[in-house]
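To keep things clear, I will list the structure first and then write my remarks on it.
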There are 2 protein chains.
Amino acid sequence: MKHLQTLLLIEAVAIAGSIRKAAEDMNITSSALNRRIQGFEAEFGAPVFERLPRGVRLNPAGELLIQHIRSQKSDLERVQAQVADLSGVRRGHVSIACSQAIQPYFMPREVSEYRREHPGVTFSVHVRDRDRAEEDLRSYESDLALVFEPRHSAEFDVLISVEQPVVAVMSNSHPLATKTELRLRDCLEFPHVVPPPAIGIRYLLDLAVGRMSQKLDPTIEADSFEFMRHYVLNGKAIGFQFPIGLDTANDDRFAFFSLPDRDVPHGKLSLLQMKGRTLPVASARFANQLALSIADL
Amino acid sequence: MKHLQTLLLIEAVAIAGSIRKAAEDMNITSSALNRRIQGFEAEFGAPVFERLPRGVRLNPAGELLIQHIRSQKSDLERVQAQVADLSGVRRGHVSIACSQAIQPYFMPREVSEYRREHPGVTFSVHVRDRDRAEEDLRSYESDLALVFEPRHSAEFDVLISVEQPVVAVMSNSHPLATKTELRLRDCLEFPHVVPPPAIGIRYLLDLAVGRMSQKLDPTIEADSFEFMRHYVLNGKAIGFQFPIGLDTANDDRFAFFSLPDRDVPHGKLSLLQMKGRTLPVASARFANQLALSIADL
DNA sequence: TCTTTGTGCTTCGTAATTTGCAGCGCTCAC
DNA sequence: GTGAGCGCTGCAAATTACGAAGCACAAAGA
């Protein structure tokens with residue numbers, strides 16, 4: 001789209017941090033780019049970049065502008081997709097950021113169910129911790145985010161939100177595996193493997209131990225639930241995960257215990273989008289499907 | 001803003017209904033305009049206008065596009081205003097559409113209260129019936145709409161909404177003026193002056209008489225409440241208005257009777273904005289002030 | 001029925017704009 | 001103190017957009 005050219009160039013400069021670098025990226029000369037930016041700043045009425053000795057950086061006005069640029073870019077894409085849609089073709093692309101727990105079972109199932117109805121639609125699925133997921137929404141890199149315990153939910157539209165308990169995961173040969181009910185303090189007696197603080201489940205665990213005499217003493221801090229699951233099979237360690245990331249019904253190598261809400265607060269699984277944004281058709285439809293599935297959890 | 005030029009031209013064509021007329025409006029030749037449109041359609045990937053024997057008209061794709069154009073335009077203005085704001089100047093413009101009842105007392109008071117704090121802010125206040133007010137929001141002609149009984153409130157963000165009873169207005173020398181309570185059927189015994197169907201209060205009256213044996217038999221249909229107020233002073237006629245449009249406490253030439261909800265359903269006074277739109281700073285602040293005042297009604 | 005008017009679209013020479021090249025002055029790292 | 005990297009600017013070349021005129025067509029009017 002030609003009329004967006006200048007705006008795209010500005011975004012490129014913002015990313016590259018230097019006019020010359022951005023010029024190279026965009027295959028024009030730095031002089032041309034430089035003058036376009038100066039021209040734009042003139043008619044915009046205010047400088048957009050701070051000039052530093054080693055390059056440029058967005059000033060506060062530029063931060064506002066870049067947000068506008070990204071929203072316009074994505075809205076134009078939405079319009080084009082919608083136009084393509086009404087001329088008959090069911091194409092489109094869905095871009096979603098989600099927690100690790102969503103990856104093994106839930107998301108693959110949802111994507112294939114959706115693609116059964118709409119084979120022309122393509123997907124980008126990004127694993128992101130909750131902060132990165134929100135960042136993705138802000139920069140329009142993802143249309144949707146499905147995460148536990150979103151930090152700034154007021155900044156986004158929450159399409160749906162459900163609670164899930166934290167589940168303790170251990171080998172079925174574990175000494176505790178025969179119990180009928182499990183408390184958090186029982187788990188802390190054994191070596192435990194927990195994710196780093198950026199991950200929602202760790203946040204909940206930290207909240208929980210904060211009001212206990214015992215302390216979290218992680219044998220292993222691992223940011224892969226996959227790793228955790230396999231690790232607990234080989235010893236007495238205990239891991240933690242949400243039900244949506246487990247196959248509690250069918251995987252009998254493990255013992256699973258939902259921890260009561262009074263021990264560890266339940267996690268809020270929320271489907272978010274950028275506040276007030278009109279999503280592309282494909283993403284909006286997929287969001288609807290997700291909302292229905294999540295409500296059934 | 002140069003990069004919007006093509007989009008503005010498209011909007012002008014959509015309004016003028018003909019390329020040549022729009023060209024004249026925008027002070028360029030029709031050939032230039034024609035080529036720009038063709039160029040845009042080519043890179044957009046689909047035609048935007050239907051070619052008719054006597055001109056052009058937006059096709060469905062064009063309708064989507066024009067919406068995008070208007071939102072883009074207004075969002076850019078918002079960004080520019082916000083930038084001006086953070087460089088120290090408190091300028092801005094608020095554009096609001098509202099029902100007639102809002103004009104005499106409420107809106108003037110609110111505007112002057114706001115301008116006491118922000119003298120740099122200018123206002124456009126448009127009197128609109130509820131349909132035209134919604135149309136104004138859609139076309140980004142107004143930032144806000146304050147109307148009774150909005151028709152399609154699902155299409156908009158409702159910032160606040162309160163109920164107001166319908167008030168019967170008559171001269172203080174009217175035979176009914178001495179009563180302590182008034183029912184709708186009492187009013188219908190006398191000549192009544194009501195607004196045309198496009199106005200919210202008429203809609204409520206029509207609803208009310210629909211479930212009665214008596215019928216609405218308007219002596220006078222007038223779209224000016226101002227007219228109505230003065231008319232009822234000179235005879236036995238009865239008019240209807242919302243409290244917000246009256247000075248019930250101080251104007252003793254009249255007798256006022258709130259009609260009970262079971263007779264005439266209360267009207268919902270709602271403050272609306274375009275769904276998901278980020279308002280310019282000035283409008284957003286004014287909306288906040290309005291919401292507070294309305295909540296106190 | 002024939003003319004008139006108004007439409008979108010095209011061609012072509014020209015005017016306006018944008019680009020690339022080269023070079024300036026500057027700051028920071030080594 | 002020197003070189004690399006930065007933003008910025010003059011100037012000529014290249015690209016792009018423009019205006020004037022004219023074509024084909026369709027609807028309205030005489």
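Every chain in the structure tokens takes a letter, A first, then B, and so on in the order presented; its residues are numbered from 1, and the ligands are numbered from 1 following the presented order.
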
**Study point:** Within 12 Å of region 10-23 of chain D using only C-alpha atoms (C1' of nucleotides), minus same-chain residues under 6 positions, as number ranges by chain
**Key:** A: 31; B: 27-36, 39; C: 8-24

Practice item. Going by DSSP on the backbone, which bits of region 199-236 of chain A are alpha helix (DSSP H)? Write them as a ChimeraX atom specification, please. Key: /A:200-210,225-233

Restricting it to N, CA and C atoms, dump the selection as a PDB file, in the first residue's frame.
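Wrote selection_4.pdb, looks like this:
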```
ATOM      1  N   GLY A 200       2.851 -17.755  34.853  1.00  0.00           N
ATOM      2  CA  GLY A 200       1.699 -17.548  35.716  1.00  0.00           C
ATOM      3  C   GLY A 200       1.641 -18.487  36.906  1.00  0.00           C
ATOM      4  N   ILE A 201       1.974 -19.748  36.692  1.00  0.00           N
ATOM      5  CA  ILE A 201       1.799 -20.738  37.757  1.00  0.00           C
ATOM      6  C   ILE A 201       2.772 -20.462  38.901  1.00  0.00           C
ATOM      7  N   ARG A 202       3.930 -19.938  38.549  1.00  0.00           N
ATOM      8  CA  ARG A 202       4.912 -19.595  39.569  1.00  0.00           C
ATOM      9  C   ARG A 202       4.400 -18.425  40.413  1.00  0.00           C
ATOM     10  N   TYR A 203       3.771 -17.504  39.732  1.00  0.00           N
ATOM     11  CA  TYR A 203       3.188 -16.355  40.420  1.00  0.00           C
ATOM     12  C   TYR A 203       2.191 -16.813  41.480  1.00  0.00           C
ATOM     13  N   LEU A 204       1.378 -17.786  41.111  1.00  0.00           N
ATOM     14  CA  LEU A 204       0.377 -18.296  42.050  1.00  0.00           C
ATOM     15  C   LEU A 204       1.042 -19.028  43.208  1.00  0.00           C
ATOM     16  N   LEU A 205       2.071 -19.798  42.887  1.00  0.00           N
ATOM     17  CA  LEU A 205       2.779 -20.522  43.948  1.00  0.00           C
ATOM     18  C   LEU A 205       3.449 -19.542  44.902  1.00  0.00           C
ATOM     19  N   ASP A 206       4.050 -18.497  44.345  1.00  0.00           N
ATOM     20  CA  ASP A 206       4.696 -17.502  45.196  1.00  0.00           C
ATOM     21  C   ASP A 206       3.674 -16.840  46.114  1.00  0.00           C
ATOM     22  N   LEU A 207       2.505 -16.520  45.545  1.00  0.00           N
ATOM     23  CA  LEU A 207       1.422 -15.976  46.363  1.00  0.00           C
ATOM     24  C   LEU A 207       1.097 -16.922  47.512  1.00  0.00           C
ATOM     25  N   ALA A 208       1.008 -18.212  47.168  1.00  0.00           N
ATOM     26  CA  ALA A 208       0.569 -19.202  48.144  1.00  0.00           C
ATOM     27  C   ALA A 208       1.575 -19.359  49.276  1.00  0.00           C
ATOM     28  N   VAL A 209       2.850 -19.508  48.939  1.00  0.00           N
ATOM     29  CA  VAL A 209       3.838 -19.725  50.003  1.00  0.00           C
ATOM     30  C   VAL A 209       4.063 -18.446  50.796  1.00  0.00           C
ATOM     31  N   GLY A 210       3.739 -17.317  50.213  1.00  0.00           N
ATOM     32  CA  GLY A 210       3.891 -16.046  50.918  1.00  0.00           C
ATOM     33  C   GLY A 210       3.134 -16.037  52.232  1.00  0.00           C
ATOM     34  N   PHE A 225       7.407 -26.995  30.641  1.00  0.00           N
ATOM     35  CA  PHE A 225       6.531 -27.956  31.313  1.00  0.00           C
ATOM     36  C   PHE A 225       6.785 -29.365  30.808  1.00  0.00           C
ATOM     37  N   GLU A 226       7.169 -29.419  29.556  1.00  0.00           N
ATOM     38  CA  GLU A 226       7.558 -30.688  28.947  1.00  0.00           C
ATOM     39  C   GLU A 226       8.680 -31.340  29.770  1.00  0.00           C
ATOM     40  N   PHE A 227       9.685 -30.528  30.044  1.00  0.00           N
ATOM     41  CA  PHE A 227      10.791 -31.001  30.873  1.00  0.00           C
ATOM     42  C   PHE A 227      10.283 -31.452  32.234  1.00  0.00           C
ATOM     43  N   MET A 228       9.459 -30.616  32.844  1.00  0.00           N
ATOM     44  CA  MET A 228       8.935 -30.926  34.169  1.00  0.00           C
ATOM     45  C   MET A 228       8.232 -32.276  34.160  1.00  0.00           C
ATOM     46  N   ARG A 229       7.379 -32.460  33.203  1.00  0.00           N
ATOM     47  CA  ARG A 229       6.603 -33.708  33.161  1.00  0.00           C
ATOM     48  C   ARG A 229       7.510 -34.929  33.100  1.00  0.00           C
ATOM     49  N   HIS A 230       8.527 -34.846  32.260  1.00  0.00           N
ATOM     50  CA  HIS A 230       9.402 -36.001  32.146  1.00  0.00           C
ATOM     51  C   HIS A 230      10.306 -36.155  33.354  1.00  0.00           C
ATOM     52  N   TYR A 231      10.650 -35.035  33.956  1.00  0.00           N
ATOM     53  CA  TYR A 231      11.566 -35.094  35.093  1.00  0.00           C
ATOM     54  C   TYR A 231      10.923 -35.791  36.285  1.00  0.00           C
ATOM     55  N   VAL A 232       9.670 -35.443  36.553  1.00  0.00           N
ATOM     56  CA  VAL A 232       9.043 -36.019  37.748  1.00  0.00           C
ATOM     57  C   VAL A 232       8.848 -37.531  37.614  1.00  0.00           C
ATOM     58  N   LEU A 233       8.893 -38.028  36.409  1.00  0.00           N
ATOM     59  CA  LEU A 233       8.770 -39.479  36.219  1.00  0.00           C
ATOM     60  C   LEU A 233       9.963 -40.219  36.814  1.00  0.00           C
TER      61      LEU A 233
END
```

I'd like the neighbourhood of DA29 (chain C) as a PDB file with N, CA and C atoms (P, O5', C5', C4', C3', O3' and C1' of nucleotides), in the first residue's frame, where a residue qualifies if any of its atoms comes within 12 Å (using only C-alpha atoms (C1' of nucleotides)), though same-chain residues fewer than 5 positions away should be ignored.
```
ATOM      1  N   ARG A  54      24.390   8.403  18.358  1.00  0.00           N
ATOM      2  CA  ARG A  54      24.575   7.127  17.653  1.00  0.00           C
ATOM      3  C   ARG A  54      23.330   6.695  16.895  1.00  0.00           C
TER       4      ARG A  54
ATOM      5  P    DG D   1      45.940  15.049  19.642  1.00  0.00           P
ATOM      6  O5'  DG D   1      45.636  13.751  18.754  1.00  0.00           O
ATOM      7  C5'  DG D   1      46.725  13.001  18.229  1.00  0.00           C
ATOM      8  C4'  DG D   1      46.154  12.036  17.242  1.00  0.00           C
ATOM      9  C3'  DG D   1      45.341  12.675  16.124  1.00  0.00           C
ATOM     10  O3'  DG D   1      45.199  11.731  15.085  1.00  0.00           O
ATOM     11  C1'  DG D   1      43.889  11.480  17.450  1.00  0.00           C
ATOM     12  P    DT D   2      45.856  11.898  13.700  1.00  0.00           P
ATOM     13  O5'  DT D   2      45.343  10.564  12.989  1.00  0.00           O
ATOM     14  C5'  DT D   2      45.433   9.321  13.712  1.00  0.00           C
ATOM     15  C4'  DT D   2      44.140   8.536  13.583  1.00  0.00           C
ATOM     16  C3'  DT D   2      43.283   8.840  12.336  1.00  0.00           C
ATOM     17  O3'  DT D   2      42.849   7.620  11.803  1.00  0.00           O
ATOM     18  C1'  DT D   2      41.947   8.894  14.226  1.00  0.00           C
ATOM     19  P    DG D   3      42.638   7.458  10.231  1.00  0.00           P
ATOM     20  O5'  DG D   3      41.563   6.290  10.201  1.00  0.00           O
ATOM     21  C5'  DG D   3      41.609   5.249  11.185  1.00  0.00           C
ATOM     22  C4'  DG D   3      40.194   4.834  11.562  1.00  0.00           C
ATOM     23  C3'  DG D   3      39.196   4.841  10.394  1.00  0.00           C
ATOM     24  O3'  DG D   3      38.350   3.724  10.525  1.00  0.00           O
ATOM     25  C1'  DG D   3      38.386   6.220  12.111  1.00  0.00           C
ATOM     26  P    DA D   4      37.623   3.105   9.280  1.00  0.00           P
ATOM     27  O5'  DA D   4      36.248   2.618   9.897  1.00  0.00           O
ATOM     28  C5'  DA D   4      36.214   2.159  11.259  1.00  0.00           C
ATOM     29  C4'  DA D   4      34.889   2.557  11.888  1.00  0.00           C
ATOM     30  C3'  DA D   4      33.704   2.519  10.916  1.00  0.00           C
ATOM     31  O3'  DA D   4      32.634   1.820  11.523  1.00  0.00           O
ATOM     32  C1'  DA D   4      33.792   4.615  11.997  1.00  0.00           C
ATOM     33  P    DG D   5      31.395   1.304  10.647  1.00  0.00           P
ATOM     34  O5'  DG D   5      30.204   2.216  11.153  1.00  0.00           O
ATOM     35  C5'  DG D   5      29.897   2.262  12.543  1.00  0.00           C
ATOM     36  C4'  DG D   5      29.104   3.506  12.811  1.00  0.00           C
ATOM     37  C3'  DG D   5      27.965   3.731  11.814  1.00  0.00           C
ATOM     38  O3'  DG D   5      26.710   3.616  12.472  1.00  0.00           O
ATOM     39  C1'  DG D   5      29.186   5.735  12.248  1.00  0.00           C
TER      40       DG D   5
END
```

Practice item. With a distance threshold of 8 Å and counting only C-alpha atoms (C1' of nucleotides), extract the residues of chain D near chain A and express them as a VMD selection string. Key: chain D and resid 5 to 8

Review point. Taking only C-alpha atoms into account, what are the residues of chain A at most 9 Å from chain B, put as a ChimeraX atom specification?
Key: /A:1-7,40,43-46,60-62,64-65,68,72,75-76,79-80,82-84,86-87,275-278

Could those residues be written to a file, using N, CA and C atoms, as a short mmCIF file (atom, residue, chain, number, x, y, z; two decimals), in the first residue's frame?
```cif
data_model
loop_
_atom_site.label_atom_id
_atom_site.label_comp_id
_atom_site.auth_asym_id
_atom_site.auth_seq_id
_atom_site.Cartn_x
_atom_site.Cartn_y
_atom_site.Cartn_z
N MET A 1 0.84 -1.20 0.00
CA MET A 1 0.00 0.00 0.00
C MET A 1 0.88 1.25 0.00
N LYS A 2 0.79 1.97 -1.08
CA LYS A 2 1.71 3.09 -1.23
C LYS A 2 1.49 4.19 -0.19
N HIS A 3 0.24 4.46 0.12
CA HIS A 3 0.01 5.60 1.00
C HIS A 3 0.54 5.36 2.41
N LEU A 4 0.86 4.11 2.72
CA LEU A 4 1.41 3.83 4.05
C LEU A 4 2.93 3.85 4.04
N GLN A 5 3.52 4.05 2.86
CA GLN A 5 4.97 3.90 2.72
C GLN A 5 5.73 4.70 3.79
N THR A 6 5.40 5.98 3.89
CA THR A 6 6.12 6.82 4.85
C THR A 6 5.97 6.26 6.27
N LEU A 7 4.76 5.83 6.59
CA LEU A 7 4.53 5.31 7.93
C LEU A 7 5.34 4.04 8.17
N PHE A 40 7.79 14.47 6.97
CA PHE A 40 6.65 14.03 7.76
C PHE A 40 6.56 14.79 9.07
N GLU A 43 4.97 18.19 8.52
CA GLU A 43 3.53 18.29 8.36
C GLU A 43 2.79 17.68 9.54
N PHE A 44 3.46 16.82 10.28
CA PHE A 44 2.84 16.27 11.49
C PHE A 44 2.77 17.34 12.58
N GLY A 45 3.74 18.24 12.54
CA GLY A 45 3.69 19.35 13.47
C GLY A 45 4.59 19.19 14.68
N ALA A 46 5.29 18.07 14.75
CA ALA A 46 6.17 17.84 15.89
C ALA A 46 7.21 16.80 15.51
N PRO A 60 8.34 10.74 22.98
CA PRO A 60 6.97 10.40 23.41
C PRO A 60 5.93 10.56 22.30
N ALA A 61 6.06 11.64 21.52
CA ALA A 61 5.13 11.80 20.41
C ALA A 61 5.25 10.64 19.45
N GLY A 62 6.49 10.21 19.22
CA GLY A 62 6.72 9.09 18.31
C GLY A 62 6.09 7.81 18.83
N LEU A 64 3.40 7.55 20.56
CA LEU A 64 1.98 7.63 20.23
C LEU A 64 1.77 7.34 18.75
N LEU A 65 2.64 7.94 17.94
CA LEU A 65 2.48 7.77 16.50
C LEU A 65 2.64 6.32 16.08
N HIS A 68 -0.34 4.37 16.53
CA HIS A 68 -1.30 4.69 15.48
C HIS A 68 -0.94 3.95 14.19
N GLN A 72 -3.29 1.23 12.32
CA GLN A 72 -3.80 1.49 10.98
C GLN A 72 -3.40 0.38 10.02
N ASP A 75 -5.50 -2.54 10.72
CA ASP A 75 -6.90 -2.35 10.36
C ASP A 75 -7.08 -2.40 8.86
N LEU A 76 -6.10 -1.89 8.14
CA LEU A 76 -6.19 -1.97 6.68
C LEU A 76 -6.14 -3.43 6.23
N VAL A 79 -9.48 -4.88 6.73
CA VAL A 79 -10.42 -4.49 5.68
C VAL A 79 -10.16 -5.29 4.41
N GLN A 80 -8.89 -5.42 4.06
CA GLN A 80 -8.59 -6.17 2.83
C GLN A 80 -9.04 -7.62 2.95
N GLN A 82 -11.40 -8.71 4.80
CA GLN A 82 -12.85 -8.76 4.81
C GLN A 82 -13.39 -8.60 3.39
N VAL A 83 -12.73 -7.76 2.62
CA VAL A 83 -13.14 -7.58 1.23
C VAL A 83 -12.92 -8.88 0.45
N ALA A 84 -11.76 -9.48 0.66
CA ALA A 84 -11.50 -10.76 0.00
C ALA A 84 -12.56 -11.76 0.41
N LEU A 86 -15.70 -11.19 1.28
CA LEU A 86 -17.01 -11.02 0.67
C LEU A 86 -16.98 -11.23 -0.83
N SER A 87 -15.79 -11.29 -1.42
CA SER A 87 -15.75 -11.68 -2.83
C SER A 87 -15.63 -13.19 -2.95
N LYS A 275 -7.45 -3.67 23.19
CA LYS A 275 -8.68 -2.98 23.56
C LYS A 275 -9.30 -2.26 22.37
N GLY A 276 -10.56 -2.55 22.13
CA GLY A 276 -11.30 -1.81 21.11
C GLY A 276 -10.97 -2.17 19.68
N ARG A 277 -10.06 -3.10 19.48
CA ARG A 277 -9.66 -3.41 18.12
C ARG A 277 -10.69 -4.30 17.43
N THR A 278 -10.93 -4.02 16.16
CA THR A 278 -11.77 -4.92 15.37
C THR A 278 -10.86 -5.97 14.77
#
```

Exercise for review: Extract, using only C-alpha atoms (C1' of nucleotides), all DNA, RNA and protein residues at most 10 Å from region 27-29 of chain D, discarding same-chain residues fewer than 6 positions from it, and format them as a list in words.
Suggested key: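 Result of the neighbour search: Pro53 and Arg54 of chain B; DT3, DT4, DT5, DG6 and DT7 of chain C.
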
**Study point:** Minimum-distance residue to Met170 (chain B), chosen among B:Tyr105, B:Phe49, B:Phe123, B:Phe190 (using only C-alpha atoms)
**Key:**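 Residue with the minimum atom-to-atom distance to Met170 (chain B): B:Phe190.
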
Review point. How many Å lie between CA of Glu11 (chain A) and C1' of DG25 (chain C), rounded to one decimal?
Key: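 We find that CA of Glu11 (chain A) and C1' of DG25 (chain C) lie 27.3 Å from each other.
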
Practice item. Could you check how far CA of Leu279 (chain A) sits from CA of Ala97 (chain A), in Å to one decimal? Key: 14.5 Å

Study note, to complete from the structure: Counting only C-alpha atoms (C1' of nucleotides), the residue among B:Pro191, B:Ile37, B:Gly239, B:Thr122 that lies closest to chain C is B:Ile37

Point to revise | Length of the CA of Asp223 (chain B) to CA of Leu176 (chain B) vector [Å] | key: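 Rounded to one decimal, the two atoms are 24.5 Å apart.
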
Practice item. Write out as a PyMOL selection string all residues of region 56-234 of chain A that DSSP puts in strand (DSSP E or B) for this structure's backbone. Key: chain A and resi 56-58+92-98+121-127+144-148+156-164+167-171+192-194+220-221

Export of the given selection (N, CA and C atoms) as a short mmCIF file (atom, residue, chain, number, x, y, z; two decimals), in the first residue's frame:
```cif
data_model
loop_
_atom_site.label_atom_id
_atom_site.label_comp_id
_atom_site.auth_asym_id
_atom_site.auth_seq_id
_atom_site.Cartn_x
_atom_site.Cartn_y
_atom_site.Cartn_z
N VAL A 56 18.86 7.36 16.25
CA VAL A 56 17.64 8.06 16.64
C VAL A 56 16.80 7.14 17.52
N ARG A 57 15.90 7.75 18.25
CA ARG A 57 14.98 6.98 19.08
C ARG A 57 13.65 7.71 19.10
N LEU A 58 12.55 6.96 19.20
CA LEU A 58 11.24 7.59 19.27
C LEU A 58 11.15 8.48 20.50
N GLY A 92 -7.50 -16.03 5.13
CA GLY A 92 -7.25 -15.28 6.34
C GLY A 92 -6.12 -15.88 7.14
N HIS A 93 -5.75 -15.16 8.18
CA HIS A 93 -4.66 -15.61 9.01
C HIS A 93 -4.97 -15.27 10.46
N VAL A 94 -4.71 -16.21 11.33
CA VAL A 94 -4.93 -15.99 12.76
C VAL A 94 -3.59 -16.04 13.45
N SER A 95 -3.33 -15.04 14.27
CA SER A 95 -2.07 -14.98 14.99
C SER A 95 -2.38 -14.93 16.47
N ILE A 96 -1.92 -15.91 17.22
CA ILE A 96 -2.28 -16.00 18.63
C ILE A 96 -1.06 -16.30 19.49
N ALA A 97 -0.98 -15.62 20.61
CA ALA A 97 0.08 -15.87 21.58
C ALA A 97 -0.54 -16.61 22.75
N CYS A 98 0.11 -17.69 23.22
CA CYS A 98 -0.47 -18.35 24.38
C CYS A 98 0.55 -19.02 25.28
N VAL A 121 -7.65 -20.89 6.02
CA VAL A 121 -7.09 -20.01 7.05
C VAL A 121 -5.78 -20.58 7.59
N THR A 122 -4.77 -19.72 7.68
CA THR A 122 -3.49 -20.14 8.22
C THR A 122 -3.30 -19.60 9.63
N PHE A 123 -2.37 -20.18 10.37
CA PHE A 123 -2.20 -19.83 11.79
C PHE A 123 -0.76 -19.51 12.12
N SER A 124 -0.56 -18.56 13.03
CA SER A 124 0.71 -18.42 13.74
C SER A 124 0.42 -18.60 15.22
N VAL A 125 1.06 -19.57 15.83
CA VAL A 125 0.87 -19.80 17.26
C VAL A 125 2.19 -19.54 17.96
N HIS A 126 2.20 -18.57 18.86
CA HIS A 126 3.44 -18.21 19.55
C HIS A 126 3.36 -18.55 21.03
N VAL A 127 4.36 -19.26 21.54
CA VAL A 127 4.44 -19.50 22.98
C VAL A 127 5.02 -18.26 23.62
N LEU A 144 -4.65 -12.32 19.17
CA LEU A 144 -5.26 -12.83 20.39
C LEU A 144 -4.17 -13.30 21.34
N ALA A 145 -4.51 -13.36 22.62
CA ALA A 145 -3.59 -13.95 23.59
C ALA A 145 -4.41 -14.79 24.56
N LEU A 146 -3.95 -16.00 24.79
CA LEU A 146 -4.63 -16.89 25.73
C LEU A 146 -3.64 -17.25 26.81
N VAL A 147 -3.77 -16.57 27.96
CA VAL A 147 -2.74 -16.72 28.99
C VAL A 147 -3.36 -16.84 30.38
N PHE A 148 -2.56 -17.41 31.29
CA PHE A 148 -2.96 -17.48 32.68
C PHE A 148 -2.53 -16.22 33.41
N PHE A 156 -6.72 -4.43 28.12
CA PHE A 156 -7.16 -5.24 26.99
C PHE A 156 -8.64 -5.57 27.14
N ASP A 157 -9.21 -6.06 26.06
CA ASP A 157 -10.55 -6.59 26.15
C ASP A 157 -10.45 -8.06 26.53
N VAL A 158 -11.13 -8.43 27.60
CA VAL A 158 -11.13 -9.83 28.03
C VAL A 158 -12.33 -10.51 27.41
N LEU A 159 -12.08 -11.39 26.45
CA LEU A 159 -13.19 -12.02 25.73
C LEU A 159 -13.85 -13.10 26.57
N ILE A 160 -13.04 -13.81 27.35
CA ILE A 160 -13.61 -14.77 28.29
C ILE A 160 -12.54 -15.10 29.31
N SER A 161 -12.95 -15.59 30.46
CA SER A 161 -12.01 -15.87 31.53
C SER A 161 -12.58 -16.98 32.40
N VAL A 162 -11.79 -18.03 32.62
CA VAL A 162 -12.24 -19.11 33.51
C VAL A 162 -11.12 -19.44 34.49
N GLU A 163 -11.51 -20.08 35.59
CA GLU A 163 -10.52 -20.44 36.60
C GLU A 163 -10.10 -21.90 36.43
N GLN A 164 -8.82 -22.13 36.65
CA GLN A 164 -8.35 -23.51 36.69
C GLN A 164 -7.50 -23.69 37.95
N VAL A 167 -2.47 -28.00 39.55
CA VAL A 167 -2.44 -29.45 39.75
C VAL A 167 -1.00 -29.87 40.07
N ALA A 168 -0.86 -30.64 41.12
CA ALA A 168 0.44 -31.22 41.43
C ALA A 168 0.61 -32.48 40.60
N VAL A 169 1.78 -32.59 39.98
CA VAL A 169 2.04 -33.70 39.06
C VAL A 169 3.21 -34.51 39.61
N MET A 170 3.01 -35.83 39.71
CA MET A 170 4.14 -36.68 40.17
C MET A 170 4.04 -38.04 39.50
N SER A 171 5.10 -38.78 39.64
CA SER A 171 5.09 -40.15 39.13
C SER A 171 4.04 -40.97 39.90
N HIS A 192 10.80 -30.00 44.43
CA HIS A 192 9.79 -29.56 43.47
C HIS A 192 10.44 -28.80 42.33
N VAL A 193 9.80 -28.92 41.20
CA VAL A 193 10.30 -28.25 40.01
C VAL A 193 9.25 -27.23 39.57
N VAL A 194 9.66 -25.99 39.53
CA VAL A 194 8.71 -24.90 39.25
C VAL A 194 9.25 -24.03 38.12
N ILE A 220 14.56 -27.45 41.05
CA ILE A 220 14.82 -27.10 39.66
C ILE A 220 13.85 -26.02 39.23
N GLU A 221 14.40 -25.03 38.59
CA GLU A 221 13.56 -24.01 37.97
C GLU A 221 13.66 -24.25 36.47
#
```
